[in-house]
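Below is one structure, written out as structure tokens; the observations come after it.
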Amino acid sequence: MKIITSAEARDILNKLDIRGVVDANDLYYYINNNKNVEYLCESDMLVIIYHDTNSDYVSVIPLSDCFSSDLLIETIKQAGKNLSVFIDTNTLRREFAEQLEVDLSPYVQYRKSRIDLAFTGKAEAVNFENIRLLNVSDKDNFEAMPYEKPEYRPPLSVLFDHFVTNDRGYVLGAFDGKDIVGFLSFDKIGDKTFDVDYVYTVPERRNCGFGRKLALTYRSFAVQKGYSAYWSYARNEASENTAKSCGFSLVRNIRIYTR
């Protein structure tokens, strides 16, 4: 495959519009932090290889409904021993995607999938009495919320300070009386896109409509600002269903392989 510059890779991703926004944001991070990255391209795919200290990460962005699996396999064979490969299969022909799985099996093993959704259309403004943006005065109330913290997530205090205190994003809070019973955190990626960081509702208030109200308010906020609303890495079926019920559509289906 042809070696290209980061600027050329960025131009390709920008032409993909909403489908390329996450990879473009990652690329921006690589450039600004002087990471060891290679950019390879053919007419039918862009490949971004990030070389970390002990691992390689290969992102495959199709530019057509199929591409040369042989060229991808050669790239995988030349990568390091500890390898993760991310392939967006959303725009690939089904028959090709199925055959690609077979072709890759001697070199990498499928681990899991993740999906990204987005809303890019028009939407009326919504205003729910029990949903609003949090401010610094909500810190104690937010941290008092019962929280089943996943291992990979920061404590509520760290999340609040990052997004609200340090003004690096936004947190929508769902209220039951004076108590915060859920939240949706989001920030800006790219020039005109917001992306969901995390959505959470306390167990006792799930299936009560709080998640959907948070999603609709997030969508409305983005549209009113002239932004697209992205919903990356829907971690479970409930998150995916909430997004879809609010008009978000699938934009990427990432299959992850490792060795």
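Each chain in the structure tokens gets a letter, A, B and so on, in the order shown; residues start at 1 in every chain, and ligands are counted from 1 in the order they appear.
Residues in contact range of Phe67 of chain A, defined as at most 9 Å between only C-alpha atoms, with sequence neighbours fewer than 6 positions away removed, read A:Glu42, A:Ser43, A:Asp44, A:Met45, A:Leu92, A:Phe96.
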Generate a file of the selected residues that holds N, CA, C and O atoms, formatted as a PDB file, in the first residue's frame.
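Output file selection-v5.pdb follows:
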```
ATOM      1  N   GLU A  42      -4.950   2.773  -0.203  1.00  0.00           N
ATOM      2  CA  GLU A  42      -5.257   2.306  -1.542  1.00  0.00           C
ATOM      3  C   GLU A  42      -6.571   2.979  -1.946  1.00  0.00           C
ATOM      4  O   GLU A  42      -7.211   3.643  -1.126  1.00  0.00           O
ATOM      5  N   SER A  43      -6.980   2.793  -3.163  1.00  0.00           N
ATOM      6  CA  SER A  43      -8.209   3.443  -3.616  1.00  0.00           C
ATOM      7  C   SER A  43      -9.435   2.965  -2.844  1.00  0.00           C
ATOM      8  O   SER A  43     -10.445   3.666  -2.769  1.00  0.00           O
ATOM      9  N   ASP A  44      -9.336   1.765  -2.243  1.00  0.00           N
ATOM     10  CA  ASP A  44     -10.506   1.190  -1.589  1.00  0.00           C
ATOM     11  C   ASP A  44     -10.400   1.121  -0.068  1.00  0.00           C
ATOM     12  O   ASP A  44     -11.312   0.646   0.597  1.00  0.00           O
ATOM     13  N   MET A  45      -9.283   1.580   0.520  1.00  0.00           N
ATOM     14  CA  MET A  45      -9.190   1.586   1.987  1.00  0.00           C
ATOM     15  C   MET A  45      -8.072   2.489   2.474  1.00  0.00           C
ATOM     16  O   MET A  45      -7.067   2.705   1.775  1.00  0.00           O
ATOM     17  N   LEU A  92     -19.510  -2.362   4.090  1.00  0.00           N
ATOM     18  CA  LEU A  92     -19.026  -3.476   3.280  1.00  0.00           C
ATOM     19  C   LEU A  92     -20.180  -4.372   2.826  1.00  0.00           C
ATOM     20  O   LEU A  92     -21.176  -4.537   3.534  1.00  0.00           O
ATOM     21  N   PHE A  96     -18.696 -10.018   1.176  1.00  0.00           N
ATOM     22  CA  PHE A  96     -17.276  -9.709   1.335  1.00  0.00           C
ATOM     23  C   PHE A  96     -16.887  -9.736   2.811  1.00  0.00           C
ATOM     24  O   PHE A  96     -15.834 -10.264   3.181  1.00  0.00           O
TER      25      PHE A  96
END
```
- Which neighbours of segment 231-235 of chain A fall inside 9 Å, counting only C-alpha atoms, when residues of the same chain fewer than 4 positions from it are skipped, and could you give them as an NGL selection string? :A and (22 or 114-119 or 194-197 or 239-240 or 243 or 248 or 252)
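What separates atom CA of Asp176 of chain A from atom CA of Lys188 of chain A is a distance of 27.8 Å.
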- Query: Which neighbours of Phe128 of chain A fall inside 10 Å, counting only C-alpha atoms, when residues of the same chain fewer than 6 positions from it are skipped, and could you give them as a ChimeraX atom specification?
  - Reply: /A:174,213-214,216-217
- Query: Where in segment 45-152 of chain A does DSSP assign helix (DSSP H, G or I), given as a PyMOL selection string?
  - Reply: chain A and resi 69-78+94-104+136-143
- Task: Give me every strand (DSSP E) residue in segment 25-247 of chain A, going by DSSP on the backbone, as number ranges by chain.
- Result: A: 36-42, 45-51, 56-62, 83-88, 109-119, 131-133, 170-176, 179-189, 193-201, 228-231
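Between atom CA of Tyr198 of chain A and atom CA of Leu184 of chain A the separation is 5.7 Å.
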- Which of these, A:Ala123, A:Val202, A:Val158, A:Ile189, has the shortest distance to Tyr29 of chain A once you count only C-alpha atoms?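 Looking at the shortest contact to Tyr29 of chain A, the residue is A:Ile189.
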- Message: I want to know what sits within 6 Å of Asn253 of chain A, based on only C-alpha atoms, with residues of the same chain fewer than 2 positions away left out; could you give that as an NGL selection string?
- Response: :A and (88-90 or 115)
- Message: If I take atom CA of Glu101 of chain A and atom CA of Tyr257 of chain A, how far is one from the other in Å, to one decimal?
- Response: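 Straight-line distance from atom CA of Glu101 of chain A to atom CA of Tyr257 of chain A works out to 9.8 Å.
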- Choose the residue, out of A:Leu46, A:Val85, A:Leu71, A:Cys66, that has the smallest atom-to-atom separation from Lys112 of chain A; count only C-alpha atoms. A:Val85
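Using only C-alpha atoms, the shortest contact distance between Ile256 of chain A and any of A:Asn32, A:Ile49, A:Arg111, A:Thr120 is found at A:Arg111.
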